[in-house]
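Q: Following this line is start.txt, made up of compact mmCIF, C-alpha atoms:
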```
# COMPACT_ATOMS: atom_id res chain seq x y z
CA MET A 1 0.00 0.00 0.00
CA SER A 2 2.93 2.33 -0.50
CA GLY A 3 2.11 5.44 -2.45
CA ALA A 4 -0.89 6.44 -0.27
CA ARG A 5 -0.21 9.84 1.25
CA SER A 6 0.12 10.37 4.99
CA GLN A 7 0.45 13.73 6.71
CA ILE A 8 0.69 14.83 10.32
CA SER A 9 0.64 18.58 10.77
CA ALA A 10 -0.09 19.23 14.42
CA ARG A 11 0.47 21.64 17.27
CA VAL A 12 -0.31 20.38 20.77
CA ARG A 13 0.54 21.98 24.11
CA ARG A 14 0.82 19.84 27.22
CA GLY A 15 1.99 21.94 30.17
CA SER A 16 5.39 23.35 29.28
CA PHE A 17 5.85 20.91 26.39
CA VAL A 18 4.80 21.96 22.89
CA LEU A 19 4.63 19.56 19.96
CA ASP A 20 4.87 21.40 16.66
CA VAL A 21 5.40 19.06 13.70
CA ASP A 22 4.70 19.07 9.99
CA LEU A 23 5.62 15.87 8.17
CA SER A 24 4.36 13.84 5.26
CA TRP A 25 5.33 10.56 3.58
CA SER A 26 4.09 8.04 1.05
CA GLU A 27 6.16 5.05 2.19
CA ARG A 28 4.34 2.08 3.72
CA VAL A 29 6.35 1.97 6.97
CA ALA A 30 7.30 5.21 8.75
CA VAL A 31 9.40 5.25 11.91
CA LEU A 32 9.28 8.02 14.51
CA PHE A 33 12.69 8.02 16.16
CA GLY A 34 14.03 9.98 19.10
CA PRO A 35 14.86 9.92 22.81
CA SER A 36 12.31 9.87 25.63
CA GLY A 37 10.48 13.18 25.86
CA SER A 38 11.03 14.09 22.20
CA GLY A 39 7.31 14.02 21.36
CA LYS A 40 6.91 10.59 19.75
CA THR A 41 4.09 9.45 22.02
CA THR A 42 2.31 12.81 21.74
CA VAL A 43 2.31 12.39 17.95
CA LEU A 44 0.84 8.92 18.35
CA GLU A 45 -1.83 10.13 20.77
CA THR A 46 -2.75 12.88 18.30
CA VAL A 47 -3.08 10.30 15.50
CA LEU A 48 -5.28 8.16 17.77
CA GLY A 49 -7.54 11.16 18.38
CA LEU A 50 -6.76 11.51 22.09
CA HIS A 51 -6.03 15.26 21.86
CA ARG A 52 -9.22 16.93 20.71
CA ASP A 53 -7.57 20.34 21.13
CA ALA A 54 -4.77 19.52 18.66
CA ARG A 55 -4.57 22.05 15.86
CA GLY A 56 -3.70 20.88 12.35
CA ARG A 57 -4.37 18.02 9.99
CA VAL A 58 -3.91 14.25 10.28
CA GLU A 59 -4.17 11.99 7.24
CA LEU A 60 -3.01 8.37 7.24
CA ALA A 61 -2.71 6.14 4.17
CA GLY A 62 -4.89 8.53 2.18
CA GLU A 63 -7.65 8.70 4.83
CA LEU A 64 -8.40 12.05 6.52
CA LEU A 65 -8.76 11.70 10.30
CA GLN A 66 -8.93 15.32 11.37
CA ASP A 67 -8.57 18.85 9.99
CA SER A 68 -9.04 21.68 12.48
CA GLU A 69 -9.36 24.33 9.77
CA ARG A 70 -12.38 22.52 8.32
CA GLY A 71 -13.75 21.57 11.72
CA PHE A 72 -13.43 17.87 10.84
CA TRP A 73 -12.55 15.33 13.53
CA LEU A 74 -13.09 11.58 13.66
CA ALA A 75 -13.59 10.04 17.10
CA PRO A 76 -10.93 7.48 18.13
CA GLU A 77 -13.28 4.52 17.67
CA GLN A 78 -14.02 5.61 14.10
CA ARG A 79 -10.41 5.84 12.99
CA ARG A 80 -9.83 2.09 12.47
CA LEU A 81 -6.31 2.14 13.86
CA GLY A 82 -4.60 -0.93 15.29
CA TRP A 83 -2.66 0.20 18.37
CA VAL A 84 0.01 -1.86 20.13
CA PRO A 85 1.30 0.09 23.16
CA GLN A 86 4.67 -0.40 24.78
CA ASP A 87 3.25 -2.57 27.56
CA PRO A 88 0.01 -4.05 26.16
CA THR A 89 -2.67 -5.18 28.58
CA LEU A 90 -4.31 -8.50 27.75
CA PHE A 91 -7.52 -9.58 29.46
CA PRO A 92 -6.42 -11.95 32.25
CA HIS A 93 -9.85 -13.61 32.54
CA SER A 94 -9.67 -14.78 28.89
CA ASN A 95 -7.38 -17.15 27.10
CA VAL A 96 -5.50 -16.13 23.96
CA ALA A 97 -8.43 -16.98 21.69
CA GLY A 98 -10.73 -14.82 23.82
CA ASN A 99 -8.38 -11.86 23.57
CA LEU A 100 -8.28 -12.23 19.82
CA ARG A 101 -12.08 -12.39 19.61
CA PHE A 102 -12.19 -8.99 21.34
CA GLY A 103 -10.18 -7.52 18.48
CA LEU A 104 -12.38 -9.30 15.96
CA ALA A 105 -15.52 -7.77 17.51
CA ARG A 106 -14.40 -4.34 16.26
CA ALA A 107 -13.44 -5.54 12.79
CA GLY A 108 -15.09 -4.99 9.47
CA ALA A 109 -15.66 -7.60 6.81
CA ASP A 110 -11.93 -8.33 6.46
CA GLY A 111 -11.36 -8.96 10.17
CA ALA A 112 -11.63 -12.75 10.09
CA ARG A 113 -9.29 -13.00 7.11
CA MET A 114 -6.77 -10.70 8.76
CA LEU A 115 -6.95 -12.63 12.03
CA GLU A 116 -6.29 -15.91 10.23
CA ARG A 117 -3.26 -14.39 8.52
CA ALA A 118 -2.05 -12.84 11.80
CA VAL A 119 -2.23 -16.17 13.64
CA ASP A 120 -0.22 -17.76 10.83
CA VAL A 121 2.40 -15.01 10.45
CA LEU A 122 2.89 -14.59 14.21
CA GLU A 123 2.85 -18.37 14.82
CA ILE A 124 0.47 -18.22 17.77
CA GLY A 125 -1.81 -21.10 16.77
CA PRO A 126 -0.40 -23.35 19.54
CA LEU A 127 -1.10 -20.60 22.11
CA LEU A 128 -4.83 -20.11 21.44
CA GLU A 129 -6.07 -22.11 24.43
CA ARG A 130 -3.38 -20.92 26.81
CA ARG A 131 -4.20 -18.51 29.65
CA VAL A 132 -2.65 -15.06 29.53
CA ASP A 133 -0.70 -15.62 32.78
CA GLN A 134 0.99 -18.61 31.14
CA LEU A 135 2.53 -16.53 28.34
CA SER A 136 6.11 -15.31 28.18
CA GLY A 137 6.83 -11.63 27.50
CA GLY A 138 7.51 -12.31 23.83
CA GLU A 139 4.35 -14.41 23.48
CA ARG A 140 2.26 -11.66 25.10
CA GLN A 141 3.63 -9.15 22.62
CA ARG A 142 2.80 -11.39 19.66
CA VAL A 143 -0.74 -11.92 20.96
CA ALA A 144 -1.22 -8.16 21.46
CA LEU A 145 -0.05 -7.59 17.90
CA ALA A 146 -2.44 -10.24 16.58
CA ARG A 147 -5.31 -8.68 18.55
CA ALA A 148 -4.60 -5.30 16.96
CA LEU A 149 -4.49 -6.89 13.51
CA ALA A 150 -7.75 -8.76 14.17
CA SER A 151 -9.58 -5.42 14.40
CA GLY A 152 -9.03 -4.95 10.65
CA PRO A 153 -7.10 -1.67 10.96
CA ARG A 154 -6.31 0.63 8.05
CA VAL A 155 -2.97 1.47 9.75
CA LEU A 156 -0.99 -0.31 12.47
CA LEU A 157 0.48 1.89 15.22
CA LEU A 158 3.34 0.39 17.24
CA ASP A 159 4.55 2.32 20.29
CA GLU A 160 8.01 0.94 21.16
CA PRO A 161 6.70 -2.65 21.06
CA LEU A 162 10.06 -4.19 22.04
CA ALA A 163 11.07 -1.72 24.75
CA ALA A 164 9.76 -3.82 27.64
CA LEU A 165 11.59 -6.96 26.48
CA ASP A 166 15.15 -7.97 27.30
CA LEU A 167 17.64 -8.34 24.45
CA PRO A 168 17.20 -12.10 23.84
CA LEU A 169 13.41 -11.67 23.70
CA ARG A 170 13.72 -8.69 21.36
CA GLY A 171 15.76 -10.84 19.02
CA ARG A 172 13.00 -13.47 19.01
CA VAL A 173 10.08 -11.06 18.50
CA LEU A 174 11.69 -8.78 15.90
CA PRO A 175 11.49 -11.35 13.06
CA TYR A 176 7.71 -11.55 13.61
CA LEU A 177 7.42 -7.78 13.24
CA LEU A 178 9.37 -8.02 10.00
CA ARG A 179 7.01 -10.75 8.79
CA VAL A 180 3.99 -8.55 9.58
CA ARG A 181 5.59 -5.74 7.61
CA ASP A 182 6.48 -7.89 4.61
CA GLU A 183 3.56 -10.32 4.39
CA LEU A 184 0.48 -8.37 5.47
CA ASP A 185 1.06 -5.25 3.33
CA LEU A 186 -0.36 -2.98 6.02
CA PRO A 187 0.77 0.65 6.51
CA MET A 188 2.64 1.05 9.80
CA LEU A 189 3.65 3.95 12.02
CA TYR A 190 6.39 2.62 14.29
CA ILE A 191 7.75 4.48 17.32
CA THR A 192 11.19 3.63 18.70
CA HIS A 193 14.30 5.07 20.30
CA ASP A 194 16.32 2.06 19.11
CA PRO A 195 18.30 2.70 15.91
CA ASP A 196 18.50 -1.01 15.05
CA GLU A 197 14.72 -1.23 14.90
CA ALA A 198 14.44 2.03 12.98
CA MET A 199 16.85 0.91 10.27
CA LEU A 200 15.52 -2.63 10.03
CA ILE A 201 11.81 -1.87 9.95
CA GLY A 202 11.40 1.62 8.53
CA GLU A 203 11.21 2.76 4.93
CA ILE A 204 11.35 6.38 6.11
CA ALA A 205 12.58 7.71 9.45
CA VAL A 206 11.37 10.93 11.06
CA VAL A 207 13.58 12.11 13.92
CA LEU A 208 12.05 14.17 16.72
CA ASP A 209 13.75 16.19 19.43
CA GLY A 210 12.09 18.66 21.77
CA GLY A 211 8.75 18.38 19.99
CA ARG A 212 10.21 19.29 16.59
CA VAL A 213 11.25 17.35 13.50
CA VAL A 214 15.05 17.58 13.17
CA ALA A 215 15.52 15.22 10.19
CA SER A 216 13.60 12.87 7.91
CA GLY A 217 14.42 10.54 5.04
CA ALA A 218 15.83 7.06 4.36
CA PRO A 219 16.65 5.51 7.78
CA ARG A 220 20.27 4.60 7.05
CA GLU A 221 21.02 8.09 5.76
CA VAL A 222 19.03 10.06 8.32
CA LEU A 223 20.27 8.21 11.38
CA TRP A 224 23.86 9.21 10.60
CA SER A 225 23.04 12.75 9.51
CA ARG A 226 24.71 15.71 11.21
CA ALA A 227 21.42 16.76 12.80
CA VAL A 228 20.82 13.36 14.37
CA ARG A 229 24.29 12.37 15.54
CA PRO A 230 24.01 14.05 18.96
CA LEU A 231 20.94 11.90 19.61
CA SER A 232 22.40 8.81 17.96
CA GLU A 233 25.48 8.76 20.14
CA ALA A 234 23.39 8.84 23.30
CA LEU A 235 21.15 6.09 21.96
CA GLY A 236 23.99 3.77 20.90
CA LEU A 237 23.63 3.92 17.12
CA GLU A 238 25.30 1.09 15.26
CA ASN A 239 26.41 0.25 11.75
CA VAL A 240 23.88 -2.10 10.17
CA ILE A 241 25.03 -4.58 7.51
CA GLU A 242 22.86 -6.90 5.43
CA ALA A 243 24.79 -9.96 4.28
CA ARG A 244 24.47 -13.55 3.08
CA CYS A 245 26.29 -16.65 4.30
CA VAL A 246 28.85 -17.60 1.66
CA ASP A 247 31.03 -20.19 3.40
CA VAL A 248 31.28 -22.41 6.46
CA ASP A 249 34.81 -23.70 6.95
CA ASN A 250 36.52 -25.25 9.97
CA GLY A 251 33.71 -24.13 12.24
CA GLU A 252 33.84 -20.51 11.04
CA THR A 253 30.91 -18.87 9.28
CA LYS A 254 31.67 -16.23 6.67
CA VAL A 255 29.16 -13.77 5.25
CA GLU A 256 29.35 -11.20 2.45
CA SER A 257 27.33 -8.03 1.83
CA ALA A 258 26.06 -6.84 -1.55
CA GLY A 259 28.96 -4.37 -1.62
CA GLY A 260 31.56 -7.11 -1.11
CA LEU A 261 32.28 -6.66 2.61
CA ARG A 262 33.25 -10.08 4.03
CA LEU A 263 32.99 -10.88 7.73
CA THR A 264 33.53 -13.87 9.97
CA VAL A 265 30.58 -14.12 12.35
CA PRO A 266 30.26 -16.08 15.61
CA TRP A 267 27.02 -17.91 14.73
CA SER A 268 26.08 -20.94 12.68
CA LEU A 269 24.24 -20.09 9.46
CA ALA A 270 23.04 -22.15 6.56
CA PRO A 271 24.89 -21.43 3.29
CA GLY A 272 22.92 -18.89 1.28
CA SER A 273 20.88 -17.65 4.24
CA SER A 274 20.64 -13.92 4.89
CA VAL A 275 21.52 -12.09 8.09
CA CYS A 276 21.37 -8.52 9.35
CA ILE A 277 24.31 -7.50 11.54
CA GLY A 278 24.79 -4.63 13.99
CA LEU A 279 28.22 -3.22 14.81
CA ARG A 280 28.91 -0.35 17.20
CA ALA A 281 31.16 2.41 15.97
CA GLU A 282 33.36 2.16 19.08
CA ASP A 283 33.95 -1.57 18.44
CA ILE A 284 35.94 -0.87 15.26
CA LEU A 285 39.71 -0.48 15.67
CA LEU A 286 41.82 1.15 12.94
CA ALA A 287 45.40 0.40 11.87
CA LEU A 288 47.57 1.88 9.14
CA ASP A 289 49.31 -1.43 8.40
CA PRO A 290 47.91 -4.95 8.08
CA PRO A 291 48.07 -6.46 11.59
CA ARG A 292 49.78 -9.84 11.96
CA ARG A 293 49.19 -12.74 14.37
CA ILE A 294 46.03 -11.21 15.83
CA SER A 295 43.07 -12.93 17.49
CA ALA A 296 40.40 -10.72 15.92
CA ARG A 297 38.75 -12.66 13.08
CA ASN A 298 38.04 -9.66 10.86
CA VAL A 299 40.71 -7.44 9.31
CA ILE A 300 39.18 -5.35 6.53
CA GLU A 301 40.93 -2.95 4.18
CA GLY A 302 39.15 0.34 3.52
CA ARG A 303 39.62 3.98 2.62
CA VAL A 304 38.66 6.95 4.79
CA VAL A 305 35.81 9.00 3.34
CA SER A 306 35.41 11.66 6.01
CA CYS A 307 36.32 12.63 9.57
CA GLU A 308 34.02 14.64 11.81
CA ALA A 309 35.24 15.87 15.20
CA ARG A 310 32.72 15.82 18.03
CA ASP A 311 33.98 16.91 21.46
CA GLU A 312 36.64 14.34 22.49
CA ASP A 313 35.77 11.90 19.71
CA VAL A 314 36.01 11.75 15.92
CA LEU A 315 33.56 9.88 13.72
CA VAL A 316 35.50 8.34 10.83
CA GLU A 317 33.49 7.16 7.84
CA ILE A 318 35.21 4.42 5.85
CA ASP A 319 34.43 2.78 2.52
CA ALA A 320 35.07 -0.94 3.00
CA GLY A 321 32.67 -2.20 0.37
CA GLU A 322 29.96 -0.88 2.70
CA ARG A 323 30.13 2.49 4.43
CA LEU A 324 31.14 1.92 8.05
CA THR A 325 31.64 4.47 10.80
CA ALA A 326 34.27 4.10 13.51
CA LYS A 327 34.60 6.24 16.62
CA LEU A 328 38.13 7.24 17.61
CA THR A 329 39.56 9.65 20.14
CA THR A 330 41.06 12.85 18.78
CA GLY A 331 44.44 11.67 20.08
CA ALA A 332 44.23 8.45 18.07
CA VAL A 333 43.30 10.36 14.92
CA ARG A 334 46.26 12.70 15.36
CA ALA A 335 48.69 9.88 16.10
CA LEU A 336 47.59 7.85 13.07
CA GLU A 337 47.19 10.95 10.88
CA VAL A 338 43.81 9.66 9.75
CA ALA A 339 42.42 11.85 6.97
CA PRO A 340 40.09 11.50 3.96
CA GLY A 341 41.69 9.32 1.31
CA ALA A 342 43.92 7.40 3.74
CA ARG A 343 44.06 3.62 3.44
CA VAL A 344 43.29 1.91 6.74
CA TYR A 345 42.62 -1.55 8.12
CA LEU A 346 39.54 -2.12 10.25
CA ILE A 347 39.90 -4.66 13.06
CA VAL A 348 36.66 -6.20 14.33
CA LYS A 349 36.30 -9.06 16.79
CA ALA A 350 33.66 -11.56 15.71
CA GLN A 351 32.10 -11.28 19.19
CA ALA A 352 31.50 -7.55 18.61
CA LEU A 353 29.01 -8.37 15.84
CA ARG A 354 25.34 -8.56 16.84
CA ARG A 355 22.81 -10.59 14.90
CA LEU A 356 19.71 -8.43 14.46
CA SER A 357 17.69 -10.77 12.26
CA SER A 358 18.19 -13.67 9.89
CA GLY A 359 16.25 -15.53 7.25
```
Could I get this file's structure written as structure tokens?
A:
Amino acid sequence: MSGARSQISARVRRGSFVLDVDLSWSERVAVLFGPSGSGKTTVLETVLGLHRDARGRVELAGELLQDSERGFWLAPEQRRLGWVPQDPTLFPHSNVAGNLRFGLARAGADGARMLERAVDVLEIGPLLERRVDQLSGGERQRVALARALASGPRVLLLDEPLAALDLPLRGRVLPYLLRVRDELDLPMLYITHDPDEAMLIGEIAVVLDGGRVVASGAPREVLWSRAVRPLSEALGLENVIEARCVDVDNGETKVESAGGLRLTVPWSLAPGSSVCIGLRAEDILLALDPPRRISARNVIEGRVVSCEARDEDVLVEIDAGERLTAKLTTGAVRALEVAPGARVYLIVKAQALRRLSSG
């Protein structure tokens, strides 16, 4: 359903905080990215119709929800939005099937079909008779997502759906979110302060800070833009690499990206399978000469594209088949005389690589 226009032009005051945004997109999956207090949830509440006093216009996937200039405003229950909050509340007196029937009760003609697809995509068929208090955190999140889908929404709203889960659980739930995105063809507005999620899930990223839009565009470009870097550093932004397993030899798994970047990873993968990898900028070491007799499994030749000083650190962008960013101290940059055009060797321990998703 990409191509349908969405627009959020809104001004909302809540105490001393003022949200003042004007953004539009036609991509199917938009991500609102930013730290706590940046205005992400206020935007979502405005879209849901919880701020009747909001001034402006809200249109999602080509459907007008409110326009204060024309005096038009749809009540929340008329907006047909599937909402999955950060900590969803399931009905404890019902089993999983009962919770899903609640979502179905608000659905239109396509609700039953969507619920059947949701149960399949989210793999919750074996959970239908289980009580809510018997579910793990990841299972609860999948059931909440299926319940939202069962309502037959025109747009799915996800408010930091992985924030309440620990890292292992996030890794297990994230592939289901990607399946919902890819297989159900439903427009999504996804809120997160996690750059991994933003880059993996979003087709466009809108970055908020202090109630204002500070950047928007393709996630992998926007999340390393000059305007966003002060936020990104605080949030732990990583390099994200999509690759495919090309070899398994002597217990070592090797992958290669579309740009030719080869890495040894610490996990078992089937030959030909795809994987998405996260790598923190501070986990990349640089050398001017090829290191010898070293334990790190990845030594990659590259060329420096740019250097940007930020306080005590320097962000060094390197072309190594894929664009990677390393974080060095200013002293290290001076000692190595790192500058655009310089040939360098990136040193990356296999254990520093994080598997974000695979397929």
Q: Can you work out which one of A:Thr192, A:Ser273, A:Gln7, A:Ser257 has the shortest atom-to-atom distance to A:Ala320, counting only C-alpha atoms?
A: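 Of A:Thr192, A:Ser273, A:Gln7, A:Ser257, the one nearest A:Ala320 is A:Ser257, counting only C-alpha atoms.
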Q: From the options A:Ala287, A:Val21, A:Ala30, A:Val173, which residue's atoms come nearest to A:Asp209, counting all atoms listed in the file?
A: A:Val21
Q: Calculated over all atoms listed in the file, which of the candidates A:Asp182, A:Arg55, A:Asp87, A:Ser216 has the smallest distance to A:Arg142?
A: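 Answer, going by the shortest atom-to-atom distance: A:Asp87.
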Q: Could you tell me how far atom CA of A:Glu160 sits from atom CA of A:Tyr176, in Å to one decimal place?
A: 14.6 Å
Q: Quick one: everything within 6 Å of A:Leu65, counting all atoms listed in the file, minus sequence neighbours fewer than 5 positions away in the same chain. Send it as a list in words.
A: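 Counting only the stated atoms, we get Val58, Glu59 and Leu74 of chain A.
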Q: Can you give me N, CA and C atoms for stretch 247-272 of chain A, written as an mmCIF file, keeping the file's coordinate frame?
A:
```
data_model
loop_
_atom_site.group_PDB
_atom_site.id
_atom_site.type_symbol
_atom_site.label_atom_id
_atom_site.label_comp_id
_atom_site.auth_asym_id
_atom_site.auth_seq_id
_atom_site.Cartn_x
_atom_site.Cartn_y
_atom_site.Cartn_z
ATOM 1 N N ASP A 247 30.095 -19.077 3.164
ATOM 2 C CA ASP A 247 31.030 -20.190 3.400
ATOM 3 C C ASP A 247 30.978 -20.588 4.868
ATOM 4 N N VAL A 248 31.110 -21.872 5.116
ATOM 5 C CA VAL A 248 31.280 -22.410 6.460
ATOM 6 C C VAL A 248 32.478 -23.333 6.396
ATOM 7 N N ASP A 249 33.569 -22.956 7.082
ATOM 8 C CA ASP A 249 34.810 -23.700 6.950
ATOM 9 C C ASP A 249 35.491 -23.795 8.301
ATOM 10 N N ASN A 250 35.823 -25.015 8.702
ATOM 11 C CA ASN A 250 36.520 -25.250 9.970
ATOM 12 C C ASN A 250 35.803 -24.591 11.145
ATOM 13 N N GLY A 251 34.484 -24.665 11.132
ATOM 14 C CA GLY A 251 33.710 -24.130 12.240
ATOM 15 C C GLY A 251 33.494 -22.634 12.181
ATOM 16 N N GLU A 252 34.022 -21.950 11.168
ATOM 17 C CA GLU A 252 33.840 -20.510 11.040
ATOM 18 C C GLU A 252 32.832 -20.202 9.932
ATOM 19 N N THR A 253 31.930 -19.275 10.243
ATOM 20 C CA THR A 253 30.910 -18.870 9.280
ATOM 21 C C THR A 253 31.282 -17.532 8.676
ATOM 22 N N LYS A 254 31.307 -17.472 7.358
ATOM 23 C CA LYS A 254 31.670 -16.230 6.670
ATOM 24 C C LYS A 254 30.474 -15.725 5.881
ATOM 25 N N VAL A 255 30.268 -14.405 5.959
ATOM 26 C CA VAL A 255 29.160 -13.770 5.250
ATOM 27 C C VAL A 255 29.722 -12.671 4.348
ATOM 28 N N GLU A 256 28.922 -12.266 3.372
ATOM 29 C CA GLU A 256 29.350 -11.200 2.450
ATOM 30 C C GLU A 256 28.149 -10.306 2.134
ATOM 31 N N SER A 257 28.388 -8.994 2.148
ATOM 32 C CA SER A 257 27.330 -8.030 1.830
ATOM 33 C C SER A 257 27.260 -7.834 0.324
ATOM 34 N N ALA A 258 26.219 -7.118 -0.117
ATOM 35 C CA ALA A 258 26.060 -6.840 -1.550
ATOM 36 C C ALA A 258 27.223 -6.009 -2.071
ATOM 37 N N GLY A 259 27.833 -5.201 -1.208
ATOM 38 C CA GLY A 259 28.960 -4.370 -1.620
ATOM 39 C C GLY A 259 30.307 -5.068 -1.556
ATOM 40 N N GLY A 260 30.317 -6.340 -1.141
ATOM 41 C CA GLY A 260 31.560 -7.110 -1.110
ATOM 42 C C GLY A 260 32.266 -7.137 0.223
ATOM 43 N N LEU A 261 31.687 -6.598 1.276
ATOM 44 C CA LEU A 261 32.280 -6.660 2.610
ATOM 45 C C LEU A 261 32.138 -8.078 3.152
ATOM 46 N N ARG A 262 33.259 -8.716 3.496
ATOM 47 C CA ARG A 262 33.250 -10.080 4.030
ATOM 48 C C ARG A 262 33.570 -10.040 5.523
ATOM 49 N N LEU A 263 32.812 -10.825 6.287
ATOM 50 C CA LEU A 263 32.990 -10.880 7.730
ATOM 51 C C LEU A 263 32.918 -12.320 8.207
ATOM 52 N N THR A 264 33.690 -12.614 9.243
ATOM 53 C CA THR A 264 33.530 -13.870 9.970
ATOM 54 C C THR A 264 32.643 -13.592 11.163
ATOM 55 N N VAL A 265 31.548 -14.351 11.287
ATOM 56 C CA VAL A 265 30.580 -14.120 12.350
ATOM 57 C C VAL A 265 30.598 -15.274 13.334
ATOM 58 N N PRO A 266 30.159 -15.038 14.574
ATOM 59 C CA PRO A 266 30.260 -16.080 15.610
ATOM 60 C C PRO A 266 29.063 -17.009 15.700
ATOM 61 N N TRP A 267 28.214 -17.075 14.661
ATOM 62 C CA TRP A 267 27.020 -17.910 14.730
ATOM 63 C C TRP A 267 27.024 -18.903 13.577
ATOM 64 N N SER A 268 26.271 -19.958 13.753
ATOM 65 C CA SER A 268 26.080 -20.940 12.680
ATOM 66 C C SER A 268 24.964 -20.457 11.765
ATOM 67 N N LEU A 269 25.222 -20.479 10.467
ATOM 68 C CA LEU A 269 24.240 -20.090 9.460
ATOM 69 C C LEU A 269 24.246 -21.105 8.339
ATOM 70 N N ALA A 270 23.104 -21.277 7.728
ATOM 71 C CA ALA A 270 23.040 -22.150 6.560
ATOM 72 C C ALA A 270 23.578 -21.414 5.349
ATOM 73 N N PRO A 271 24.379 -22.080 4.505
ATOM 74 C CA PRO A 271 24.890 -21.430 3.290
ATOM 75 C C PRO A 271 23.743 -20.834 2.480
ATOM 76 N N GLY A 272 23.929 -19.588 2.072
ATOM 77 C CA GLY A 272 22.920 -18.890 1.280
ATOM 78 C C GLY A 272 21.906 -18.128 2.097
#
```
